[in-house]
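Engineer: Quick one, data-v4.cif (mmCIF, N, CA and C atoms):
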data_data
loop_
_atom_site.label_atom_id
_atom_site.label_comp_id
_atom_site.auth_asym_id
_atom_site.auth_seq_id
_atom_site.Cartn_x
_atom_site.Cartn_y
_atom_site.Cartn_z
N MET A 296 -14.36 -13.66 -32.13
CA MET A 296 -14.68 -12.63 -31.16
C MET A 296 -15.00 -11.34 -31.88
N SER A 297 -15.99 -10.60 -31.39
CA SER A 297 -16.36 -9.35 -32.02
C SER A 297 -15.40 -8.25 -31.60
N ASN A 298 -15.68 -7.04 -32.06
CA ASN A 298 -14.80 -5.91 -31.78
C ASN A 298 -15.22 -5.14 -30.54
N GLU A 299 -16.06 -5.72 -29.69
CA GLU A 299 -16.52 -4.99 -28.52
C GLU A 299 -15.36 -4.72 -27.57
N ILE A 300 -15.53 -3.67 -26.78
CA ILE A 300 -14.53 -3.32 -25.78
C ILE A 300 -14.85 -4.10 -24.52
N MET A 301 -13.89 -4.85 -24.03
CA MET A 301 -14.07 -5.63 -22.81
C MET A 301 -13.63 -4.77 -21.64
N ASN A 302 -14.54 -4.56 -20.70
CA ASN A 302 -14.24 -3.76 -19.52
C ASN A 302 -13.85 -4.68 -18.37
N PHE A 303 -12.59 -4.62 -17.97
CA PHE A 303 -12.12 -5.41 -16.83
C PHE A 303 -12.15 -4.50 -15.61
N ARG A 304 -13.18 -4.65 -14.80
CA ARG A 304 -13.38 -3.76 -13.66
C ARG A 304 -13.23 -4.45 -12.31
N THR A 305 -13.45 -5.74 -12.26
CA THR A 305 -13.42 -6.43 -10.98
C THR A 305 -12.23 -7.35 -10.91
N ARG A 306 -11.56 -7.29 -9.80
CA ARG A 306 -10.42 -8.17 -9.54
C ARG A 306 -10.71 -8.96 -8.26
N LYS A 307 -10.30 -10.20 -8.28
CA LYS A 307 -10.48 -11.07 -7.11
C LYS A 307 -9.15 -11.70 -6.77
N TRP A 308 -8.89 -11.78 -5.49
CA TRP A 308 -7.69 -12.43 -4.98
C TRP A 308 -8.08 -13.85 -4.61
N VAL A 309 -7.41 -14.84 -5.16
CA VAL A 309 -7.74 -16.24 -4.92
C VAL A 309 -7.19 -16.65 -3.56
N LYS A 310 -8.12 -17.02 -2.66
CA LYS A 310 -7.78 -17.38 -1.28
C LYS A 310 -8.01 -18.87 -1.06
N PRO A 311 -7.53 -19.41 0.05
CA PRO A 311 -7.66 -20.86 0.30
C PRO A 311 -9.09 -21.37 0.19
N GLU A 312 -10.06 -20.60 0.64
CA GLU A 312 -11.46 -21.07 0.58
C GLU A 312 -12.01 -21.11 -0.84
N ASP A 313 -11.29 -20.57 -1.81
CA ASP A 313 -11.72 -20.57 -3.21
C ASP A 313 -11.16 -21.76 -4.00
N LEU A 314 -10.38 -22.62 -3.34
CA LEU A 314 -9.67 -23.70 -4.04
C LEU A 314 -10.44 -25.01 -4.05
N ASN A 315 -10.19 -25.80 -5.08
CA ASN A 315 -10.72 -27.16 -5.16
C ASN A 315 -9.67 -28.12 -4.58
N PRO A 316 -9.93 -29.43 -4.51
CA PRO A 316 -8.94 -30.36 -3.95
C PRO A 316 -7.62 -30.42 -4.73
N ASN A 317 -7.60 -29.94 -5.96
CA ASN A 317 -6.35 -29.91 -6.74
C ASN A 317 -5.49 -28.69 -6.44
N GLY A 318 -5.99 -27.80 -5.57
CA GLY A 318 -5.23 -26.60 -5.22
C GLY A 318 -5.37 -25.48 -6.24
N THR A 319 -6.36 -25.60 -7.13
CA THR A 319 -6.62 -24.54 -8.11
C THR A 319 -7.99 -23.94 -7.85
N LEU A 320 -8.25 -22.82 -8.49
CA LEU A 320 -9.51 -22.13 -8.30
C LEU A 320 -10.70 -23.03 -8.63
N PHE A 321 -11.63 -23.15 -7.68
CA PHE A 321 -12.84 -23.94 -7.84
C PHE A 321 -13.76 -23.25 -8.85
N GLY A 322 -14.18 -23.97 -9.88
CA GLY A 322 -15.02 -23.39 -10.92
C GLY A 322 -16.31 -22.80 -10.39
N GLY A 323 -16.89 -23.42 -9.37
CA GLY A 323 -18.13 -22.91 -8.79
C GLY A 323 -17.95 -21.53 -8.18
N SER A 324 -16.82 -21.30 -7.52
CA SER A 324 -16.54 -19.97 -6.96
C SER A 324 -16.45 -18.95 -8.07
N LEU A 325 -15.73 -19.31 -9.14
CA LEU A 325 -15.56 -18.39 -10.26
C LEU A 325 -16.90 -18.08 -10.92
N LEU A 326 -17.74 -19.08 -11.12
CA LEU A 326 -19.04 -18.84 -11.74
C LEU A 326 -19.92 -17.95 -10.88
N LYS A 327 -19.84 -18.10 -9.57
CA LYS A 327 -20.59 -17.22 -8.65
C LYS A 327 -20.12 -15.78 -8.83
N TRP A 328 -18.80 -15.56 -8.88
CA TRP A 328 -18.26 -14.22 -9.07
C TRP A 328 -18.71 -13.62 -10.39
N ILE A 329 -18.70 -14.44 -11.44
CA ILE A 329 -19.10 -13.97 -12.77
C ILE A 329 -20.57 -13.56 -12.76
N ASP A 330 -21.44 -14.40 -12.21
CA ASP A 330 -22.86 -14.09 -12.19
C ASP A 330 -23.11 -12.80 -11.41
N GLU A 331 -22.43 -12.64 -10.29
CA GLU A 331 -22.60 -11.43 -9.49
C GLU A 331 -22.09 -10.19 -10.25
N GLU A 332 -20.91 -10.29 -10.84
CA GLU A 332 -20.35 -9.16 -11.59
C GLU A 332 -21.23 -8.81 -12.77
N ALA A 333 -21.73 -9.82 -13.49
CA ALA A 333 -22.60 -9.57 -14.62
C ALA A 333 -23.90 -8.91 -14.18
N ALA A 334 -24.47 -9.35 -13.06
CA ALA A 334 -25.70 -8.74 -12.55
C ALA A 334 -25.47 -7.28 -12.19
N VAL A 335 -24.37 -6.97 -11.53
CA VAL A 335 -24.06 -5.58 -11.18
C VAL A 335 -23.92 -4.73 -12.45
N TYR A 336 -23.24 -5.28 -13.46
CA TYR A 336 -23.08 -4.59 -14.74
C TYR A 336 -24.44 -4.27 -15.36
N VAL A 337 -25.34 -5.27 -15.38
CA VAL A 337 -26.66 -5.10 -15.98
C VAL A 337 -27.51 -4.12 -15.17
N ILE A 338 -27.50 -4.25 -13.86
CA ILE A 338 -28.25 -3.32 -13.00
C ILE A 338 -27.82 -1.89 -13.29
N ASP A 339 -26.52 -1.67 -13.40
CA ASP A 339 -25.99 -0.35 -13.69
C ASP A 339 -26.44 0.14 -15.06
N ARG A 340 -26.36 -0.72 -16.07
CA ARG A 340 -26.69 -0.32 -17.44
C ARG A 340 -28.19 -0.13 -17.67
N LEU A 341 -29.02 -0.94 -17.01
CA LEU A 341 -30.47 -0.84 -17.22
C LEU A 341 -31.17 0.03 -16.20
N ASP A 342 -30.45 0.49 -15.20
CA ASP A 342 -31.04 1.34 -14.14
C ASP A 342 -32.20 0.64 -13.45
N ASN A 343 -32.05 -0.65 -13.21
CA ASN A 343 -33.09 -1.43 -12.55
C ASN A 343 -32.43 -2.54 -11.75
N SER A 344 -32.72 -2.62 -10.47
CA SER A 344 -32.11 -3.68 -9.64
C SER A 344 -32.84 -5.01 -9.78
N ARG A 345 -33.92 -5.02 -10.54
CA ARG A 345 -34.67 -6.26 -10.75
C ARG A 345 -34.30 -6.87 -12.10
N VAL A 346 -33.25 -7.66 -12.07
CA VAL A 346 -32.82 -8.39 -13.26
C VAL A 346 -32.54 -9.83 -12.84
N VAL A 347 -32.74 -10.75 -13.77
CA VAL A 347 -32.49 -12.16 -13.45
C VAL A 347 -31.62 -12.78 -14.54
N THR A 348 -30.78 -13.72 -14.12
CA THR A 348 -29.98 -14.48 -15.08
C THR A 348 -30.90 -15.47 -15.77
N LYS A 349 -30.92 -15.43 -17.09
CA LYS A 349 -31.78 -16.32 -17.87
C LYS A 349 -30.99 -17.48 -18.46
N TYR A 350 -29.75 -17.21 -18.91
CA TYR A 350 -29.02 -18.21 -19.69
C TYR A 350 -27.52 -17.93 -19.65
N MET A 351 -26.74 -18.99 -19.60
CA MET A 351 -25.29 -18.92 -19.79
C MET A 351 -24.94 -19.97 -20.82
N SER A 352 -24.18 -19.55 -21.83
CA SER A 352 -23.75 -20.50 -22.86
C SER A 352 -22.64 -21.38 -22.31
N GLU A 353 -22.11 -22.21 -23.17
CA GLU A 353 -20.99 -23.07 -22.81
C GLU A 353 -19.89 -22.25 -22.15
N ILE A 354 -19.34 -22.81 -21.10
CA ILE A 354 -18.25 -22.16 -20.37
C ILE A 354 -16.97 -22.88 -20.75
N ASN A 355 -16.04 -22.14 -21.29
CA ASN A 355 -14.81 -22.73 -21.80
C ASN A 355 -13.64 -22.40 -20.87
N PHE A 356 -13.32 -23.34 -19.96
CA PHE A 356 -12.16 -23.18 -19.08
C PHE A 356 -10.91 -23.55 -19.87
N VAL A 357 -9.95 -22.64 -19.96
CA VAL A 357 -8.73 -22.92 -20.71
C VAL A 357 -7.48 -22.93 -19.83
N SER A 358 -7.57 -22.39 -18.63
CA SER A 358 -6.48 -22.46 -17.65
C SER A 358 -7.08 -22.21 -16.28
N SER A 359 -6.25 -22.11 -15.26
CA SER A 359 -6.78 -21.92 -13.92
C SER A 359 -5.95 -20.89 -13.18
N ALA A 360 -6.23 -20.75 -11.91
CA ALA A 360 -5.49 -19.85 -11.03
C ALA A 360 -5.21 -20.61 -9.74
N ARG A 361 -4.19 -20.18 -9.04
CA ARG A 361 -3.80 -20.80 -7.78
C ARG A 361 -3.91 -19.78 -6.65
N GLN A 362 -3.82 -20.28 -5.42
CA GLN A 362 -3.88 -19.42 -4.25
C GLN A 362 -2.87 -18.28 -4.40
N GLY A 363 -3.32 -17.07 -4.12
CA GLY A 363 -2.47 -15.89 -4.20
C GLY A 363 -2.54 -15.18 -5.53
N ASP A 364 -3.04 -15.86 -6.57
CA ASP A 364 -3.20 -15.19 -7.86
C ASP A 364 -4.30 -14.14 -7.76
N VAL A 365 -4.23 -13.17 -8.64
CA VAL A 365 -5.28 -12.17 -8.78
C VAL A 365 -5.87 -12.35 -10.17
N ILE A 366 -7.19 -12.48 -10.21
CA ILE A 366 -7.86 -12.63 -11.49
C ILE A 366 -8.70 -11.38 -11.74
N GLU A 367 -8.98 -11.14 -13.01
CA GLU A 367 -9.86 -10.02 -13.34
C GLU A 367 -10.96 -10.51 -14.26
N LEU A 368 -12.17 -9.96 -14.05
CA LEU A 368 -13.35 -10.34 -14.80
C LEU A 368 -13.71 -9.23 -15.77
N GLY A 369 -13.88 -9.59 -17.03
CA GLY A 369 -14.27 -8.62 -18.04
C GLY A 369 -15.65 -8.93 -18.56
N ILE A 370 -16.44 -7.89 -18.71
CA ILE A 370 -17.82 -8.02 -19.19
C ILE A 370 -18.04 -7.00 -20.30
N SER A 371 -18.76 -7.41 -21.34
CA SER A 371 -19.19 -6.45 -22.35
C SER A 371 -20.58 -6.82 -22.83
N ALA A 372 -21.37 -5.78 -23.13
CA ALA A 372 -22.71 -5.98 -23.70
C ALA A 372 -22.56 -6.21 -25.19
N ILE A 373 -23.21 -7.27 -25.69
CA ILE A 373 -23.07 -7.59 -27.12
C ILE A 373 -24.39 -7.58 -27.87
N ALA A 374 -25.52 -7.61 -27.16
CA ALA A 374 -26.82 -7.59 -27.84
C ALA A 374 -27.90 -7.14 -26.86
N MET A 375 -28.97 -6.60 -27.43
CA MET A 375 -30.11 -6.16 -26.63
C MET A 375 -31.38 -6.74 -27.23
N GLY A 376 -32.28 -7.18 -26.38
CA GLY A 376 -33.64 -7.53 -26.78
C GLY A 376 -34.59 -6.53 -26.16
N ARG A 377 -35.86 -6.72 -26.32
CA ARG A 377 -36.84 -5.78 -25.75
C ARG A 377 -36.79 -5.80 -24.22
N THR A 378 -36.62 -7.02 -23.65
CA THR A 378 -36.58 -7.15 -22.19
C THR A 378 -35.23 -7.69 -21.70
N SER A 379 -34.33 -8.01 -22.63
CA SER A 379 -33.10 -8.70 -22.26
C SER A 379 -31.85 -7.94 -22.68
N ILE A 380 -30.74 -8.38 -22.12
CA ILE A 380 -29.42 -7.90 -22.50
C ILE A 380 -28.50 -9.12 -22.51
N THR A 381 -27.66 -9.21 -23.52
CA THR A 381 -26.73 -10.33 -23.65
C THR A 381 -25.31 -9.81 -23.47
N LEU A 382 -24.56 -10.52 -22.65
CA LEU A 382 -23.18 -10.14 -22.32
C LEU A 382 -22.21 -11.20 -22.80
N ARG A 383 -20.97 -10.80 -22.90
CA ARG A 383 -19.85 -11.71 -23.12
C ARG A 383 -18.92 -11.52 -21.92
N CYS A 384 -18.26 -12.59 -21.49
CA CYS A 384 -17.38 -12.51 -20.33
C CYS A 384 -16.04 -13.18 -20.63
N GLU A 385 -14.99 -12.58 -20.12
CA GLU A 385 -13.67 -13.21 -20.14
C GLU A 385 -13.06 -13.02 -18.76
N VAL A 386 -12.42 -14.05 -18.27
CA VAL A 386 -11.69 -13.97 -17.01
C VAL A 386 -10.24 -14.28 -17.30
N ARG A 387 -9.35 -13.47 -16.78
CA ARG A 387 -7.93 -13.71 -17.01
C ARG A 387 -7.15 -13.59 -15.71
N ASN A 388 -6.02 -14.27 -15.69
CA ASN A 388 -5.13 -14.30 -14.54
C ASN A 388 -4.14 -13.15 -14.67
N MET A 389 -4.15 -12.24 -13.71
CA MET A 389 -3.25 -11.08 -13.79
C MET A 389 -1.80 -11.46 -13.52
N ILE A 390 -1.55 -12.59 -12.88
CA ILE A 390 -0.18 -13.02 -12.57
C ILE A 390 0.45 -13.68 -13.81
N SER A 391 -0.25 -14.66 -14.38
CA SER A 391 0.29 -15.40 -15.52
C SER A 391 -0.08 -14.76 -16.86
N HIS A 392 -1.03 -13.82 -16.84
CA HIS A 392 -1.52 -13.16 -18.06
C HIS A 392 -2.25 -14.12 -19.00
N LYS A 393 -2.68 -15.27 -18.49
CA LYS A 393 -3.42 -16.24 -19.30
C LYS A 393 -4.91 -16.05 -19.12
N SER A 394 -5.65 -16.32 -20.21
CA SER A 394 -7.10 -16.35 -20.12
C SER A 394 -7.48 -17.59 -19.31
N ILE A 395 -8.43 -17.45 -18.41
CA ILE A 395 -8.91 -18.57 -17.60
C ILE A 395 -10.16 -19.18 -18.23
N LEU A 396 -11.08 -18.32 -18.65
CA LEU A 396 -12.28 -18.82 -19.30
C LEU A 396 -12.93 -17.73 -20.13
N THR A 397 -13.80 -18.17 -21.02
CA THR A 397 -14.67 -17.25 -21.75
C THR A 397 -16.09 -17.82 -21.71
N ILE A 398 -17.03 -16.91 -21.68
CA ILE A 398 -18.44 -17.25 -21.82
C ILE A 398 -18.96 -16.32 -22.90
N ASP A 399 -19.36 -16.90 -24.01
CA ASP A 399 -19.77 -16.09 -25.16
C ASP A 399 -21.13 -15.44 -25.00
N SER A 400 -21.98 -15.99 -24.14
CA SER A 400 -23.33 -15.45 -24.02
C SER A 400 -23.88 -15.65 -22.61
N ILE A 401 -24.17 -14.54 -21.95
CA ILE A 401 -24.89 -14.54 -20.67
C ILE A 401 -26.09 -13.62 -20.87
N VAL A 402 -27.28 -14.15 -20.70
CA VAL A 402 -28.49 -13.37 -20.94
C VAL A 402 -29.15 -13.04 -19.60
N PHE A 403 -29.45 -11.76 -19.42
CA PHE A 403 -30.22 -11.29 -18.27
C PHE A 403 -31.53 -10.72 -18.78
N VAL A 404 -32.57 -10.85 -17.97
CA VAL A 404 -33.89 -10.32 -18.31
C VAL A 404 -34.27 -9.27 -17.27
N ASN A 405 -34.75 -8.15 -17.75
CA ASN A 405 -35.26 -7.07 -16.94
C ASN A 405 -36.67 -7.44 -16.49
N VAL A 406 -36.94 -7.39 -15.19
CA VAL A 406 -38.26 -7.77 -14.68
C VAL A 406 -38.85 -6.65 -13.83
N ASN A 407 -40.18 -6.71 -13.66
CA ASN A 407 -40.87 -5.73 -12.82
C ASN A 407 -41.00 -6.26 -11.39
N ALA A 408 -41.72 -5.54 -10.56
CA ALA A 408 -41.87 -5.92 -9.14
C ALA A 408 -42.53 -7.28 -8.96
N GLU A 409 -43.31 -7.71 -9.95
CA GLU A 409 -43.97 -9.02 -9.88
C GLU A 409 -43.11 -10.13 -10.48
N GLY A 410 -41.92 -9.78 -10.93
CA GLY A 410 -41.02 -10.78 -11.50
C GLY A 410 -41.29 -11.10 -12.96
N GLN A 411 -42.12 -10.31 -13.61
CA GLN A 411 -42.46 -10.52 -15.01
C GLN A 411 -41.53 -9.73 -15.92
N PRO A 412 -41.13 -10.31 -17.06
CA PRO A 412 -40.28 -9.57 -17.99
C PRO A 412 -40.93 -8.26 -18.40
N THR A 413 -40.12 -7.21 -18.43
CA THR A 413 -40.62 -5.89 -18.80
C THR A 413 -39.60 -5.18 -19.67
N ALA A 414 -40.09 -4.40 -20.61
CA ALA A 414 -39.20 -3.69 -21.53
C ALA A 414 -38.30 -2.73 -20.75
N HIS A 415 -37.04 -2.67 -21.17
CA HIS A 415 -36.09 -1.78 -20.51
C HIS A 415 -35.90 -0.47 -21.27
N GLY A 416 -36.24 -0.41 -22.54
CA GLY A 416 -36.14 0.82 -23.31
C GLY A 416 -34.73 1.30 -23.61
N LYS A 417 -33.75 0.43 -23.49
CA LYS A 417 -32.35 0.80 -23.72
C LYS A 417 -31.88 0.29 -25.08
N HIS A 418 -30.79 0.89 -25.57
CA HIS A 418 -30.20 0.51 -26.85
C HIS A 418 -28.75 0.11 -26.64
N LEU A 419 -28.28 -0.84 -27.44
CA LEU A 419 -26.92 -1.37 -27.28
C LEU A 419 -25.86 -0.28 -27.32
N LYS A 420 -25.97 0.66 -28.23
CA LYS A 420 -24.95 1.70 -28.37
C LYS A 420 -24.74 2.47 -27.07
N THR A 421 -25.81 2.81 -26.37
CA THR A 421 -25.67 3.56 -25.12
C THR A 421 -25.33 2.66 -23.95
N VAL A 422 -25.87 1.44 -23.95
CA VAL A 422 -25.61 0.52 -22.84
C VAL A 422 -24.17 0.03 -22.85
N ALA A 423 -23.62 -0.21 -24.05
CA ALA A 423 -22.26 -0.76 -24.17
C ALA A 423 -21.19 0.30 -23.96
N ALA A 424 -21.57 1.57 -23.94
CA ALA A 424 -20.58 2.63 -23.76
C ALA A 424 -19.89 2.49 -22.41
N ASP A 425 -18.61 2.72 -22.40
CA ASP A 425 -17.82 2.63 -21.16
C ASP A 425 -18.23 3.74 -20.21
N ILE A 426 -18.52 3.38 -18.97
CA ILE A 426 -18.86 4.35 -17.94
C ILE A 426 -17.61 4.62 -17.11
N GLU A 427 -17.21 5.85 -17.09
CA GLU A 427 -16.00 6.23 -16.34
C GLU A 427 -16.32 6.42 -14.87
#
I'd like the structure from this file rewritten - as structure tokens, please.

Structural biologist:
Amino acid sequence: MSNEIMNFRTRKWVKPEDLNPNGTLFGGSLLKWIDEEAAVYVIDRLDNSRVVTKYMSEINFVSSARQGDVIELGISAIAMGRTSITLRCEVRNMISHKSILTIDSIVFVNVNAEGQPTAHGKHLKTVAADIE
């Protein structure tokens, strides 16, 4: 893991509709939350609401959450391309203090009104800075 600062800004309360048949958090629900949180992070950092998810690396589930648990999602920017931004994500359980999953690489692409990749003109140092 690099030395980036992980910003844990979003918390989710695990409810019955978020569970799989085993009574634990359904991975699909969690991935939806991650994609949404990552998109909001990128929209904020690139000042453009037109961004698309391009790629997610291997998703490493190491534990789970149960109904009533509160989880938190952490996102950090780790690389910039001319039209893209790459993030790292960690999700952890606030009740058990265990990591639930990590995703080492989530790539978003900045697009124009026609949906074509377009340069964002941002730099990692300014994009990765914590916004208070």

Engineer: Please identify which residues in chain A DSSP calls alpha helix (DSSP H) from the backbone, and express them as a VMD selection string.

Structural biologist: chain A and resid 322 to 341 419 to 422

Engineer: Care to translate the PyMOL selection byres (((chain A and resi 392 and name CA) around 12) and name CA) into actual residues of this file, as a ChimeraX atom specification?

Structural biologist: /A:358-360,364-367,386-391,393-395

Engineer: Pick the closest to Thr305 of chain A from A:Ala333, A:Ile373, A:Leu326, A:Ile398: which is it, counting only C-alpha atoms?

Structural biologist: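 Of all the options, A:Ala333 lies closest to Thr305 of chain A.
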
Engineer: How far is it from atom CA of Phe403 of chain A to atom CA of Val346 of chain A, in Å with one decimal?

Structural biologist: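 These two atoms are separated by 6.3 Å.
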
Engineer: I need the output of the PyMOL selection byres (((chain A and resi 313-317 and name CA) around 12) and name CA) for this file as a PDB file with N, CA and C atoms, keeping the file's coordinate frame; which residues are they?

Structural biologist:
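Final output, selection_37.pdb:
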ATOM      1  N   LYS A 307     -10.300 -10.200  -8.280  1.00  0.00           N
ATOM      2  CA  LYS A 307     -10.480 -11.070  -7.110  1.00  0.00           C
ATOM      3  C   LYS A 307      -9.150 -11.700  -6.770  1.00  0.00           C
ATOM      4  N   TRP A 308      -8.890 -11.780  -5.490  1.00  0.00           N
ATOM      5  CA  TRP A 308      -7.690 -12.430  -4.980  1.00  0.00           C
ATOM      6  C   TRP A 308      -8.080 -13.850  -4.610  1.00  0.00           C
ATOM      7  N   VAL A 309      -7.410 -14.840  -5.160  1.00  0.00           N
ATOM      8  CA  VAL A 309      -7.740 -16.240  -4.920  1.00  0.00           C
ATOM      9  C   VAL A 309      -7.190 -16.650  -3.560  1.00  0.00           C
ATOM     10  N   LYS A 310      -8.120 -17.020  -2.660  1.00  0.00           N
ATOM     11  CA  LYS A 310      -7.780 -17.380  -1.280  1.00  0.00           C
ATOM     12  C   LYS A 310      -8.010 -18.870  -1.060  1.00  0.00           C
ATOM     13  N   PRO A 311      -7.530 -19.410   0.050  1.00  0.00           N
ATOM     14  CA  PRO A 311      -7.660 -20.860   0.300  1.00  0.00           C
ATOM     15  C   PRO A 311      -9.090 -21.370   0.190  1.00  0.00           C
ATOM     16  N   GLU A 312     -10.060 -20.600   0.640  1.00  0.00           N
ATOM     17  CA  GLU A 312     -11.460 -21.070   0.580  1.00  0.00           C
ATOM     18  C   GLU A 312     -12.010 -21.110  -0.840  1.00  0.00           C
ATOM     19  N   GLY A 318      -5.990 -27.800  -5.570  1.00  0.00           N
ATOM     20  CA  GLY A 318      -5.230 -26.600  -5.220  1.00  0.00           C
ATOM     21  C   GLY A 318      -5.370 -25.480  -6.240  1.00  0.00           C
ATOM     22  N   THR A 319      -6.360 -25.600  -7.130  1.00  0.00           N
ATOM     23  CA  THR A 319      -6.620 -24.540  -8.110  1.00  0.00           C
ATOM     24  C   THR A 319      -7.990 -23.940  -7.850  1.00  0.00           C
ATOM     25  N   LEU A 320      -8.250 -22.820  -8.490  1.00  0.00           N
ATOM     26  CA  LEU A 320      -9.510 -22.130  -8.300  1.00  0.00           C
ATOM     27  C   LEU A 320     -10.700 -23.030  -8.630  1.00  0.00           C
ATOM     28  N   PHE A 321     -11.630 -23.150  -7.680  1.00  0.00           N
ATOM     29  CA  PHE A 321     -12.840 -23.940  -7.840  1.00  0.00           C
ATOM     30  C   PHE A 321     -13.760 -23.250  -8.850  1.00  0.00           C
ATOM     31  N   GLY A 322     -14.180 -23.970  -9.880  1.00  0.00           N
ATOM     32  CA  GLY A 322     -15.020 -23.390 -10.920  1.00  0.00           C
ATOM     33  C   GLY A 322     -16.310 -22.800 -10.390  1.00  0.00           C
ATOM     34  N   GLY A 323     -16.890 -23.420  -9.370  1.00  0.00           N
ATOM     35  CA  GLY A 323     -18.130 -22.910  -8.790  1.00  0.00           C
ATOM     36  C   GLY A 323     -17.950 -21.530  -8.180  1.00  0.00           C
ATOM     37  N   SER A 324     -16.820 -21.300  -7.520  1.00  0.00           N
ATOM     38  CA  SER A 324     -16.540 -19.970  -6.960  1.00  0.00           C
ATOM     39  C   SER A 324     -16.450 -18.950  -8.070  1.00  0.00           C
ATOM     40  N   LEU A 325     -15.730 -19.310  -9.140  1.00  0.00           N
ATOM     41  CA  LEU A 325     -15.560 -18.390 -10.260  1.00  0.00           C
ATOM     42  C   LEU A 325     -16.900 -18.080 -10.920  1.00  0.00           C
ATOM     43  N   LEU A 326     -17.740 -19.080 -11.120  1.00  0.00           N
ATOM     44  CA  LEU A 326     -19.040 -18.840 -11.740  1.00  0.00           C
ATOM     45  C   LEU A 326     -19.920 -17.950 -10.880  1.00  0.00           C
ATOM     46  N   LYS A 327     -19.840 -18.100  -9.570  1.00  0.00           N
ATOM     47  CA  LYS A 327     -20.590 -17.220  -8.650  1.00  0.00           C
ATOM     48  C   LYS A 327     -20.120 -15.780  -8.830  1.00  0.00           C
ATOM     49  N   TRP A 328     -18.800 -15.560  -8.880  1.00  0.00           N
ATOM     50  CA  TRP A 328     -18.260 -14.220  -9.070  1.00  0.00           C
ATOM     51  C   TRP A 328     -18.710 -13.620 -10.390  1.00  0.00           C
ATOM     52  N   SER A 359      -6.250 -22.110 -15.260  1.00  0.00           N
ATOM     53  CA  SER A 359      -6.780 -21.920 -13.920  1.00  0.00           C
ATOM     54  C   SER A 359      -5.950 -20.890 -13.180  1.00  0.00           C
ATOM     55  N   ALA A 360      -6.230 -20.750 -11.910  1.00  0.00           N
ATOM     56  CA  ALA A 360      -5.490 -19.850 -11.030  1.00  0.00           C
ATOM     57  C   ALA A 360      -5.210 -20.610  -9.740  1.00  0.00           C
ATOM     58  N   ARG A 361      -4.190 -20.180  -9.040  1.00  0.00           N
ATOM     59  CA  ARG A 361      -3.800 -20.800  -7.780  1.00  0.00           C
ATOM     60  C   ARG A 361      -3.910 -19.780  -6.650  1.00  0.00           C
ATOM     61  N   GLN A 362      -3.820 -20.280  -5.420  1.00  0.00           N
ATOM     62  CA  GLN A 362      -3.880 -19.420  -4.250  1.00  0.00           C
ATOM     63  C   GLN A 362      -2.870 -18.280  -4.400  1.00  0.00           C
ATOM     64  N   GLY A 363      -3.320 -17.070  -4.120  1.00  0.00           N
ATOM     65  CA  GLY A 363      -2.470 -15.890  -4.200  1.00  0.00           C
ATOM     66  C   GLY A 363      -2.540 -15.180  -5.530  1.00  0.00           C
ATOM     67  N   ASP A 364      -3.040 -15.860  -6.570  1.00  0.00           N
ATOM     68  CA  ASP A 364      -3.200 -15.190  -7.860  1.00  0.00           C
ATOM     69  C   ASP A 364      -4.300 -14.140  -7.760  1.00  0.00           C
ATOM     70  N   VAL A 365      -4.230 -13.170  -8.640  1.00  0.00           N
ATOM     71  CA  VAL A 365      -5.280 -12.170  -8.780  1.00  0.00           C
ATOM     72  C   VAL A 365      -5.870 -12.350 -10.170  1.00  0.00           C
TER      73      VAL A 365
END

Engineer: Could you jot down the atom N of Ala423 of chain A to atom CA of Met351 of chain A separation for me, Å, one decimal place?

Structural biologist: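 Answer for the atom N of Ala423 of chain A to atom CA of Met351 of chain A separation: 19.3 Å.
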
Engineer: Pick from A:Cys384, A:Met375, A:Val406, A:Met301: nearest to Lys420 of chain A, with all atoms listed in the file counted?

Structural biologist: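 The closest residue to Lys420 of chain A is A:Met375.
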
Engineer: Enter the distance from atom C of His418 of chain A to atom C of Asn355 of chain A, in Å, rounded to one decimal.

Structural biologist: 27.7 Å

Engineer: Residues around (-13.8, -3.4, -16.7), cut-off 6 Å, counting only N, CA and C atoms - what are they as a PDB file with N, CA and C atoms, in the frame of the given file?

Structural biologist:
ATOM      1  N   MET A 301     -13.890  -4.850 -24.030  1.00  0.00           N
ATOM      2  CA  MET A 301     -14.070  -5.630 -22.810  1.00  0.00           C
ATOM      3  C   MET A 301     -13.630  -4.770 -21.640  1.00  0.00           C
ATOM      4  N   ASN A 302     -14.540  -4.560 -20.700  1.00  0.00           N
ATOM      5  CA  ASN A 302     -14.240  -3.760 -19.520  1.00  0.00           C
ATOM      6  C   ASN A 302     -13.850  -4.680 -18.370  1.00  0.00           C
ATOM      7  N   PHE A 303     -12.590  -4.620 -17.970  1.00  0.00           N
ATOM      8  CA  PHE A 303     -12.120  -5.410 -16.830  1.00  0.00           C
ATOM      9  C   PHE A 303     -12.150  -4.500 -15.610  1.00  0.00           C
ATOM     10  N   ARG A 304     -13.180  -4.650 -14.800  1.00  0.00           N
ATOM     11  CA  ARG A 304     -13.380  -3.760 -13.660  1.00  0.00           C
ATOM     12  C   ARG A 304     -13.230  -4.450 -12.310  1.00  0.00           C
ATOM     13  N   THR A 305     -13.450  -5.740 -12.260  1.00  0.00           N
ATOM     14  CA  THR A 305     -13.420  -6.430 -10.980  1.00  0.00           C
ATOM     15  C   THR A 305     -12.230  -7.350 -10.910  1.00  0.00           C
ATOM     16  N   LEU A 368     -12.170  -9.960 -14.050  1.00  0.00           N
ATOM     17  CA  LEU A 368     -13.350 -10.340 -14.800  1.00  0.00           C
ATOM     18  C   LEU A 368     -13.710  -9.230 -15.770  1.00  0.00           C
ATOM     19  N   GLY A 369     -13.880  -9.590 -17.030  1.00  0.00           N
ATOM     20  CA  GLY A 369     -14.270  -8.620 -18.040  1.00  0.00           C
ATOM     21  C   GLY A 369     -15.650  -8.930 -18.560  1.00  0.00           C
ATOM     22  N   ILE A 370     -16.440  -7.890 -18.710  1.00  0.00           N
ATOM     23  CA  ILE A 370     -17.820  -8.020 -19.190  1.00  0.00           C
ATOM     24  C   ILE A 370     -18.040  -7.000 -20.300  1.00  0.00           C
TER      25      ILE A 370
END

Engineer: Any chance you could work out the residue set of the PyMOL selection byres (((chain A and resi 382 and name CA) around 12) and name CA) here, as a VMD selection string?

Structural biologist: chain A and resid 297 299 to 302 329 to 330 332 to 334 336 to 337 340 348 to 352 369 to 376 379 to 381 383 to 385 397 to 404 419 422 to 423
